[in-house]
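Chemist: protein.txt is reproduced in full below (compact mmCIF, C-alpha atoms).
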# COMPACT_ATOMS: atom_id res chain seq x y z
CA MET A 1 0.00 0.00 0.00
CA ASP A 2 1.24 3.49 -0.79
CA ASP A 3 -0.31 5.06 2.30
CA GLN A 4 1.02 3.20 5.35
CA SER A 5 -1.50 4.94 7.61
CA LYS A 6 -4.36 3.07 5.94
CA PHE A 7 -5.28 -0.46 4.90
CA LYS A 8 -7.83 -2.08 2.59
CA ALA A 9 -10.98 -3.74 3.88
CA PHE A 10 -14.31 -4.99 2.52
CA ARG A 11 -16.76 -2.57 4.14
CA VAL A 12 -20.53 -2.97 4.25
CA LYS A 13 -22.57 0.23 4.51
CA GLU A 14 -26.26 0.91 4.87
CA GLU A 15 -27.98 3.14 2.30
CA ASN A 16 -31.74 3.63 2.37
CA GLY A 17 -32.33 0.21 3.82
CA ASN A 18 -29.94 -1.51 1.40
CA TYR A 19 -26.60 -3.00 2.42
CA LEU A 20 -23.75 -2.53 -0.04
CA GLY A 21 -20.25 -3.98 0.17
CA SER A 22 -17.10 -2.54 -1.40
CA ILE A 23 -13.35 -2.36 -0.83
CA GLN A 24 -12.44 0.78 1.11
CA GLU A 25 -9.37 2.25 2.80
CA MET A 26 -9.44 2.28 6.59
CA PRO A 27 -7.25 4.19 9.07
CA PHE A 28 -5.28 2.39 11.78
CA GLU A 29 -6.44 2.93 15.37
CA PRO A 30 -4.13 3.15 18.43
CA LEU A 31 -3.78 -0.14 20.33
CA ASN A 32 -5.66 -0.40 23.60
CA LYS A 33 -4.36 -2.28 26.63
CA ASP A 34 -3.79 -6.00 25.94
CA GLU A 35 -4.77 -5.67 22.27
CA ILE A 36 -2.92 -7.04 19.25
CA ARG A 37 -2.88 -5.92 15.63
CA VAL A 38 -2.66 -8.77 13.14
CA LYS A 39 -1.68 -8.52 9.48
CA VAL A 40 -4.20 -10.92 7.98
CA GLN A 41 -3.04 -13.49 5.44
CA TYR A 42 -6.26 -15.51 5.11
CA SER A 43 -9.87 -15.26 6.21
CA SER A 44 -12.89 -17.35 5.23
CA LEU A 45 -16.52 -16.86 4.27
CA ASN A 46 -19.09 -18.18 6.74
CA TYR A 47 -22.89 -18.01 6.80
CA LYS A 48 -22.68 -15.54 9.68
CA ASP A 49 -20.47 -13.31 7.49
CA ALA A 50 -23.07 -13.43 4.73
CA LEU A 51 -25.74 -12.39 7.23
CA SER A 52 -23.56 -9.53 8.50
CA ALA A 53 -22.91 -8.39 4.92
CA SER A 54 -26.64 -8.35 4.17
CA GLY A 55 -27.70 -6.26 7.17
CA ASN A 56 -28.83 -8.87 9.67
CA LYS A 57 -29.03 -6.80 12.88
CA GLY A 58 -29.03 -9.98 14.97
CA VAL A 59 -25.41 -10.44 13.87
CA THR A 60 -24.17 -6.86 13.35
CA LYS A 61 -25.88 -3.92 14.97
CA ASN A 62 -23.97 -0.96 13.50
CA TYR A 63 -22.73 -0.10 10.01
CA PRO A 64 -20.38 0.60 8.22
CA HIS A 65 -18.76 -2.67 9.22
CA THR A 66 -16.10 -5.18 8.11
CA PRO A 67 -17.36 -8.80 8.33
CA GLY A 68 -15.13 -11.85 8.74
CA ILE A 69 -15.44 -14.05 11.83
CA ASP A 70 -12.18 -15.89 10.97
CA ALA A 71 -8.65 -14.63 10.47
CA VAL A 72 -5.09 -15.91 10.53
CA GLY A 73 -1.92 -13.90 10.14
CA THR A 74 1.16 -12.37 11.71
CA ILE A 75 1.20 -10.01 14.68
CA ALA A 76 2.24 -6.53 13.54
CA ASP A 77 1.93 -4.86 16.95
CA SER A 78 1.15 -6.08 20.47
CA ASP A 79 0.33 -4.68 23.89
CA ASN A 80 0.58 -8.07 25.55
CA ALA A 81 3.89 -9.70 26.54
CA SER A 82 2.55 -13.17 25.63
CA PHE A 83 2.42 -12.15 21.96
CA LYS A 84 5.29 -10.56 20.10
CA THR A 85 5.69 -9.07 16.64
CA GLY A 86 6.03 -11.85 14.09
CA ASP A 87 4.02 -14.46 15.98
CA GLN A 88 1.53 -16.30 13.78
CA VAL A 89 -1.95 -16.47 15.31
CA ILE A 90 -5.49 -17.66 14.62
CA VAL A 91 -8.44 -15.52 15.67
CA THR A 92 -11.93 -16.99 15.35
CA SER A 93 -15.38 -16.28 16.81
CA TYR A 94 -15.86 -14.20 19.99
CA ASP A 95 -17.09 -10.87 18.56
CA LEU A 96 -14.77 -10.82 15.52
CA GLY A 97 -16.67 -9.87 12.36
CA MET A 98 -19.89 -9.30 14.27
CA ASN A 99 -19.62 -5.94 16.03
CA THR A 100 -15.82 -5.86 15.94
CA ASN A 101 -14.30 -5.29 12.48
CA GLY A 102 -13.36 -8.68 11.12
CA GLY A 103 -11.07 -10.60 8.83
CA PHE A 104 -12.25 -9.19 5.48
CA GLY A 105 -9.46 -6.63 5.65
CA GLU A 106 -5.67 -6.45 5.61
CA TYR A 107 -5.52 -5.96 9.40
CA ILE A 108 -7.59 -6.77 12.48
CA GLN A 109 -7.23 -5.25 15.95
CA VAL A 110 -8.55 -7.44 18.77
CA PRO A 111 -8.08 -8.37 22.45
CA SER A 112 -5.07 -10.65 22.80
CA ASP A 113 -7.11 -13.29 24.66
CA TRP A 114 -9.02 -13.98 21.44
CA ALA A 115 -5.86 -15.31 19.74
CA VAL A 116 -4.45 -18.85 19.54
CA LYS A 117 -0.88 -19.33 18.38
CA LEU A 118 -0.79 -21.21 15.08
CA PRO A 119 0.17 -24.86 15.76
CA GLU A 120 3.46 -26.01 14.24
CA ASN A 121 1.94 -28.57 11.89
CA LEU A 122 -0.74 -26.28 10.49
CA SER A 123 -0.28 -23.81 7.63
CA MET A 124 -2.15 -20.50 7.62
CA LYS A 125 -4.25 -21.64 4.67
CA GLU A 126 -5.14 -24.90 6.43
CA ALA A 127 -6.12 -22.93 9.53
CA MET A 128 -8.68 -21.01 7.48
CA ILE A 129 -9.91 -24.08 5.63
CA TYR A 130 -10.85 -25.06 9.17
CA GLY A 131 -11.77 -21.61 10.54
CA THR A 132 -14.79 -21.37 12.85
CA ALA A 133 -16.39 -24.20 10.87
CA GLY A 134 -13.43 -26.47 11.53
CA LEU A 135 -13.22 -25.44 15.17
CA THR A 136 -16.94 -26.18 15.52
CA ALA A 137 -16.52 -29.53 13.75
CA GLY A 138 -13.51 -30.28 15.95
CA MET A 139 -15.41 -29.42 19.12
CA SER A 140 -18.33 -31.57 17.97
CA VAL A 141 -16.07 -34.53 17.20
CA HIS A 142 -14.17 -34.02 20.46
CA ARG A 143 -17.36 -34.21 22.55
CA LEU A 144 -18.79 -37.07 20.49
CA THR A 145 -15.64 -39.21 20.78
CA GLU A 146 -15.81 -38.89 24.57
CA LEU A 147 -19.13 -40.77 24.51
CA VAL A 148 -19.18 -42.89 21.35
CA LYS A 149 -16.48 -45.14 19.85
CA PRO A 150 -16.17 -46.38 16.24
CA GLU A 151 -17.17 -49.92 17.25
CA ASP A 152 -20.45 -48.61 18.72
CA GLY A 153 -21.97 -48.03 15.28
CA LYS A 154 -22.66 -45.51 12.54
CA ILE A 155 -22.47 -41.74 13.02
CA ILE A 156 -24.89 -39.54 11.07
CA VAL A 157 -23.93 -35.99 10.02
CA SER A 158 -26.47 -33.43 8.79
CA GLY A 159 -25.77 -30.48 6.50
CA ALA A 160 -22.89 -32.56 5.22
CA THR A 161 -21.89 -30.37 2.26
CA GLY A 162 -21.65 -27.27 4.46
CA GLY A 163 -18.44 -26.16 6.15
CA VAL A 164 -19.01 -27.80 9.55
CA GLY A 165 -20.66 -30.88 8.06
CA ALA A 166 -18.01 -31.56 5.41
CA LEU A 167 -15.17 -31.24 7.92
CA SER A 168 -17.03 -33.42 10.45
CA VAL A 169 -17.43 -36.14 7.81
CA SER A 170 -13.72 -35.93 6.94
CA ILE A 171 -12.46 -36.00 10.54
CA LEU A 172 -14.79 -38.79 11.67
CA SER A 173 -13.81 -40.86 8.65
CA LYS A 174 -10.12 -40.45 9.48
CA LEU A 175 -10.86 -41.59 13.05
CA ALA A 176 -12.36 -44.83 11.63
CA TYR A 177 -16.02 -44.01 12.25
CA GLU A 178 -18.58 -45.22 9.70
CA VAL A 179 -20.22 -41.98 8.57
CA VAL A 180 -23.69 -41.47 7.09
CA ALA A 181 -24.16 -38.04 5.48
CA ILE A 182 -27.42 -36.12 5.07
CA THR A 183 -27.60 -33.59 2.24
CA GLY A 184 -30.21 -31.72 0.24
CA LYS A 185 -27.96 -31.87 -2.84
CA GLU A 186 -28.49 -35.03 -4.91
CA ASN A 187 -25.56 -34.14 -7.18
CA GLU A 188 -23.05 -34.07 -4.29
CA ARG A 189 -23.06 -37.79 -3.51
CA ASP A 190 -19.62 -38.35 -5.08
CA TYR A 191 -18.19 -35.36 -3.19
CA LEU A 192 -19.42 -36.74 0.13
CA HIS A 193 -18.11 -40.22 -0.62
CA LYS A 194 -14.70 -38.70 -1.39
CA LEU A 195 -14.78 -36.97 2.01
CA GLY A 196 -15.28 -40.37 3.62
CA ALA A 197 -19.04 -40.89 3.90
CA LYS A 198 -20.02 -44.55 3.53
CA GLU A 199 -23.67 -43.71 2.90
CA VAL A 200 -25.59 -40.61 1.71
CA ILE A 201 -29.23 -39.86 2.58
CA LEU A 202 -31.21 -37.07 0.93
CA ARG A 203 -32.57 -34.44 3.30
CA GLN A 204 -36.13 -34.69 1.96
CA GLU A 205 -36.27 -38.41 2.74
CA PHE A 206 -34.91 -37.83 6.23
CA GLU A 207 -37.35 -35.00 6.98
CA ASN A 208 -40.34 -37.14 6.02
CA LEU A 209 -39.84 -39.97 8.49
CA ASP A 210 -42.64 -41.15 10.78
CA ARG A 211 -43.59 -38.59 13.45
CA LYS A 212 -43.57 -41.19 16.25
CA PRO A 213 -41.87 -40.22 19.55
CA LEU A 214 -39.21 -42.89 18.93
CA LEU A 215 -37.92 -44.50 15.75
CA LYS A 216 -35.98 -47.74 15.22
CA PRO A 217 -32.49 -47.13 16.67
CA MET A 218 -29.93 -47.02 13.85
CA TYR A 219 -27.07 -44.70 14.81
CA ALA A 220 -24.59 -44.66 17.68
CA GLY A 221 -24.44 -40.88 17.44
CA GLY A 222 -24.75 -37.83 15.28
CA ILE A 223 -23.45 -34.36 14.53
CA ASP A 224 -26.28 -32.01 13.61
CA THR A 225 -25.60 -28.63 12.00
CA VAL A 226 -29.12 -27.57 11.01
CA GLY A 227 -31.65 -28.10 13.83
CA GLY A 228 -35.39 -28.54 13.40
CA VAL A 229 -36.95 -31.76 12.11
CA ILE A 230 -33.56 -33.14 11.06
CA LEU A 231 -32.23 -32.94 14.62
CA GLU A 232 -35.48 -34.36 15.98
CA ASN A 233 -35.16 -37.41 13.74
CA VAL A 234 -31.46 -37.88 14.46
CA ILE A 235 -32.25 -38.00 18.20
CA LYS A 236 -35.19 -40.39 17.70
CA LEU A 237 -32.98 -42.74 15.62
CA THR A 238 -30.09 -42.80 18.10
CA LYS A 239 -29.25 -46.06 19.86
CA PRO A 240 -29.32 -46.49 23.65
CA MET A 241 -26.51 -44.53 25.34
CA GLY A 242 -25.74 -42.76 22.08
CA ALA A 243 -24.86 -39.07 21.77
CA VAL A 244 -25.80 -36.25 19.42
CA THR A 245 -24.13 -32.85 19.17
CA CYS A 246 -25.93 -29.79 17.82
CA CYS A 247 -24.39 -26.52 16.66
CA GLY A 248 -26.77 -24.85 14.18
CA ASN A 249 -30.35 -23.82 13.49
CA VAL A 250 -30.45 -22.91 9.80
CA ALA A 251 -33.47 -25.24 9.35
CA SER A 252 -35.16 -24.22 12.60
CA PRO A 253 -34.31 -23.38 16.22
CA LYS A 254 -37.33 -25.39 17.43
CA LEU A 255 -37.38 -28.98 18.65
CA GLU A 256 -40.67 -30.86 18.91
CA LEU A 257 -39.71 -33.91 20.97
CA THR A 258 -40.86 -36.01 23.87
CA VAL A 259 -38.40 -36.89 26.62
CA PHE A 260 -38.51 -40.57 25.57
CA PRO A 261 -35.15 -40.67 23.68
CA PHE A 262 -33.48 -39.30 26.80
CA ILE A 263 -35.20 -41.31 29.56
CA LEU A 264 -35.90 -44.57 27.69
CA ARG A 265 -32.65 -44.80 25.68
CA GLY A 266 -30.32 -42.60 27.69
CA VAL A 267 -29.45 -40.48 24.65
CA THR A 268 -27.20 -37.48 25.35
CA LEU A 269 -27.73 -34.17 23.52
CA VAL A 270 -24.61 -31.99 23.58
CA GLY A 271 -24.78 -28.31 22.65
CA ILE A 272 -21.75 -26.82 20.91
CA ASP A 273 -21.01 -23.11 21.40
CA SER A 274 -18.07 -22.17 19.20
CA GLN A 275 -18.34 -18.44 19.82
CA ASN A 276 -17.29 -18.45 23.48
CA TYR A 277 -15.63 -21.86 23.77
CA PRO A 278 -13.05 -21.72 26.60
CA MET A 279 -9.50 -21.03 25.41
CA LYS A 280 -7.93 -24.11 27.05
CA TYR A 281 -10.26 -26.35 25.03
CA ARG A 282 -9.72 -24.32 21.84
CA GLU A 283 -6.00 -24.99 22.12
CA ILE A 284 -6.60 -28.73 22.56
CA VAL A 285 -8.90 -28.90 19.54
CA TRP A 286 -6.57 -26.81 17.32
CA GLU A 287 -3.66 -29.14 18.18
CA LYS A 288 -5.76 -32.17 17.25
CA LEU A 289 -6.83 -30.51 14.00
CA ALA A 290 -3.18 -29.79 13.22
CA GLN A 291 -2.07 -33.36 13.81
CA ASP A 292 -4.03 -36.59 14.28
CA TRP A 293 -7.34 -35.25 13.03
CA LYS A 294 -6.14 -33.48 9.89
CA PRO A 295 -8.04 -35.08 6.99
CA LYS A 296 -6.13 -36.14 3.88
CA GLN A 297 -8.92 -34.48 1.91
CA LEU A 298 -8.63 -31.14 3.75
CA SER A 299 -7.65 -29.18 0.63
CA ASN A 300 -10.60 -30.76 -1.24
CA THR A 301 -13.07 -28.99 1.04
CA SER A 302 -12.17 -25.42 0.01
CA THR A 303 -12.20 -22.84 -2.80
CA GLU A 304 -9.86 -19.82 -2.67
CA ILE A 305 -11.04 -16.30 -3.54
CA THR A 306 -9.88 -12.67 -3.13
CA LEU A 307 -11.55 -9.55 -1.74
CA ASP A 308 -12.74 -8.71 -5.27
CA ASP A 309 -14.74 -11.95 -5.39
CA LEU A 310 -16.50 -11.52 -2.05
CA GLN A 311 -19.75 -9.84 -3.07
CA GLY A 312 -20.67 -12.57 -5.57
CA LYS A 313 -19.77 -15.39 -3.17
CA ILE A 314 -21.84 -13.81 -0.38
CA LYS A 315 -24.88 -13.85 -2.69
CA LEU A 316 -24.29 -17.52 -3.55
CA MET A 317 -23.91 -18.45 0.12
CA LEU A 318 -27.23 -16.80 1.01
CA GLU A 319 -28.82 -18.77 -1.83
CA GLY A 320 -27.36 -22.03 -0.48
CA LYS A 321 -25.25 -22.57 -3.60
CA LEU A 322 -21.78 -22.90 -2.04
CA LYS A 323 -20.27 -26.17 -0.86
CA GLY A 324 -17.39 -26.79 1.47
CA ARG A 325 -15.23 -23.89 2.61
CA THR A 326 -14.58 -20.58 0.81
CA ILE A 327 -11.12 -19.25 1.73
CA LEU A 328 -10.27 -15.57 1.34
CA LYS A 329 -6.63 -14.76 0.47
CA ILE A 330 -5.83 -11.31 1.84
CA ASP A 331 -2.04 -10.93 1.98
CA GLU A 332 -0.52 -11.12 -1.51
How would this structure read if it were set down as C-alpha cells?

Modeler:
Amino acid sequence: MDDQSKFKAFRVKEENGNYLGSIQEMPFEPLNKDEIRVKVQYSSLNYKDALSASGNKGVTKNYPHTPGIDAVGTIADSDNASFKTGDQVIVTSYDLGMNTNGGFGEYIQVPSDWAVKLPENLSMKEAMIYGTAGLTAGMSVHRLTELVKPEDGKIIVSGATGGVGALSVSILSKLAYEVVAITGKENERDYLHKLGAKEVILRQEFENLDRKPLLKPMYAGGIDTVGGVILENVIKLTKPMGAVTCCGNVASPKLELTVFPFILRGVTLVGIDSQNYPMKYREIVWEKLAQDWKPKQLSNTSTEITLDDLQGKIKLMLEGKLKGRTILKIDE
C-alpha cells in the first residue's frame, strides 16, 4: 500500500435500507491495553459473514462494518507480553466480524485473549480451511468421541456439504467411524463419498420420516448442523446410550420432541457453542486438527477467492449454492 496509515478492507454500509459492500481504505487505530494488531493473510466466508454483509441486525448492529469471523496472520503490533511481533496467530469467533471489524481486511485489531498461536503442523491456509467451521466440527467430534467409539456403530452428520458438516465427515472418517451423510444436494453424492461418507441420505427423505416419539435405533451418534426436524429425527434414531451434538439452526431453532429418547434410551444431547468456547479447550482442539485429526482431503473442502470476489460469493452463500469452505486470500 502506498499510504502506510491506511489499509484495505471490505466494508458494508447501509444506504436507504440496502446494504452494499465494497473495498475501502481504513485508518489504523491506536492499540488499547492488551490488544494485538494482526496482518491478515487468510480469512474465510461463513454463513454468519453473509448475514452480517446483508444487514442482519441480529449479527451486526452498526454499520459501516467489516465482516469476517475468521482470520489468521502475523502479529504486527502487540500490547501483551505473551504475543510478540512476528508471531503467527489464529483468531476466530468471539465478537470478531460481528460488532468488531473482522477478517475481510488487511488488518484486524482485537483483544489478545481472542488469539491462539498457530500450531506447528498447520499452515495459515489450512487454519482457514478449518476456521470457525473447523473449530466447531472439531469441538463436535471431540465431545462425540468422549461418549461414542467407532465400534459402537454408525455416526450420522447433517448439512454434510456445508463447512461444519463436510469437515465433520472428513475428521470422523479419518478416526475410523462409519459416517452417514445427510444432504439436500443429490448431485453431491460423489463429493461426500470422497470426504469419507459410507452412505448418503437425501434431506427430503430424512425429513419425512414417521412422526412417532421414537424410531428404530440405527445410529450410535450424530453431529447435527441444522436443527429442526432433522435434529429431531437424528435423536429419535439414536441407539441407547448414544450421543448427538448440535451446533446450528439454519433449518429451525425449534425442537418438537418427547423426553422418551433421553429417559428410555439414555441419549445425550450436547450443545456446541463455538463463539465463546473456553480457550484451554480451543487450544486442545486446534492441536488435534493440526495433527491426528487433519483429513487427507482437507484441501478438497475449500475454494480460494480474493476480496474482489467476495460480493458474488456472499450472494451464492445466502442462496445455499456454495459447498465446502470458501477461503479468502488477503495478503498477496

Chemist: Write out as a PyMOL selection string the residues lying within 6 Å of stretch 247-249 of chain A, counting only C-alpha atoms and excluding same-chain residues fewer than 2 positions away.

Modeler: chain A and resi 225-227+251-253+272

Chemist: Starting from the point (-22.7, -34.3, 20.3), work out which residues of protein, DNA or RNA have an atom no more than 10 Å away when counting only C-alpha atoms; state them as number ranges by chain.

Modeler: A: 139-148, 221-224, 242-247, 268-272

Chemist: Just to confirm, what's the straight-line distance from atom CA of A:Ser123 to atom CA of A:Phe83 in Å (one decimal)?

Modeler: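 That distance, rounded to one decimal, is 18.7 Å.
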
Chemist: Counting all atoms listed in the file, which of A:Gly102, A:Pro30, A:Gly320, A:Pro295 gets nearest to A:Gly184?

Modeler: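 Counting all atoms listed in the file, the residue closest to A:Gly184 is A:Gly320.
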
Chemist: Need to verify the contact set: A:Trp114, 10 Å, all atoms listed in the file, exclusion of same-chain residues closer than 4 positions in sequence. Can you return it as a ChimeraX atom specification?

Modeler: /A:35-36,89-96,110,276,279

Chemist: If you keep C-alpha atoms, can you produce a file of those selected residues as an mmCIF file, in the coordinates of the input?

Modeler:
data_model
loop_
_atom_site.group_PDB
_atom_site.id
_atom_site.type_symbol
_atom_site.label_atom_id
_atom_site.label_comp_id
_atom_site.auth_asym_id
_atom_site.auth_seq_id
_atom_site.Cartn_x
_atom_site.Cartn_y
_atom_site.Cartn_z
ATOM 1 C CA GLU A 35 -4.770 -5.670 22.270
ATOM 2 C CA ILE A 36 -2.920 -7.040 19.250
ATOM 3 C CA VAL A 89 -1.950 -16.470 15.310
ATOM 4 C CA ILE A 90 -5.490 -17.660 14.620
ATOM 5 C CA VAL A 91 -8.440 -15.520 15.670
ATOM 6 C CA THR A 92 -11.930 -16.990 15.350
ATOM 7 C CA SER A 93 -15.380 -16.280 16.810
ATOM 8 C CA TYR A 94 -15.860 -14.200 19.990
ATOM 9 C CA ASP A 95 -17.090 -10.870 18.560
ATOM 10 C CA LEU A 96 -14.770 -10.820 15.520
ATOM 11 C CA VAL A 110 -8.550 -7.440 18.770
ATOM 12 C CA ASN A 276 -17.290 -18.450 23.480
ATOM 13 C CA MET A 279 -9.500 -21.030 25.410
#

Chemist: Would you please work out which residue, of A:Met241, A:Val200, A:Ala290, A:Met98, is nearest to A:Lys61 when using all atoms listed in the file?

Modeler: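 Comparing A:Met241, A:Val200, A:Ala290, A:Met98 against A:Lys61, the winner is A:Met98.
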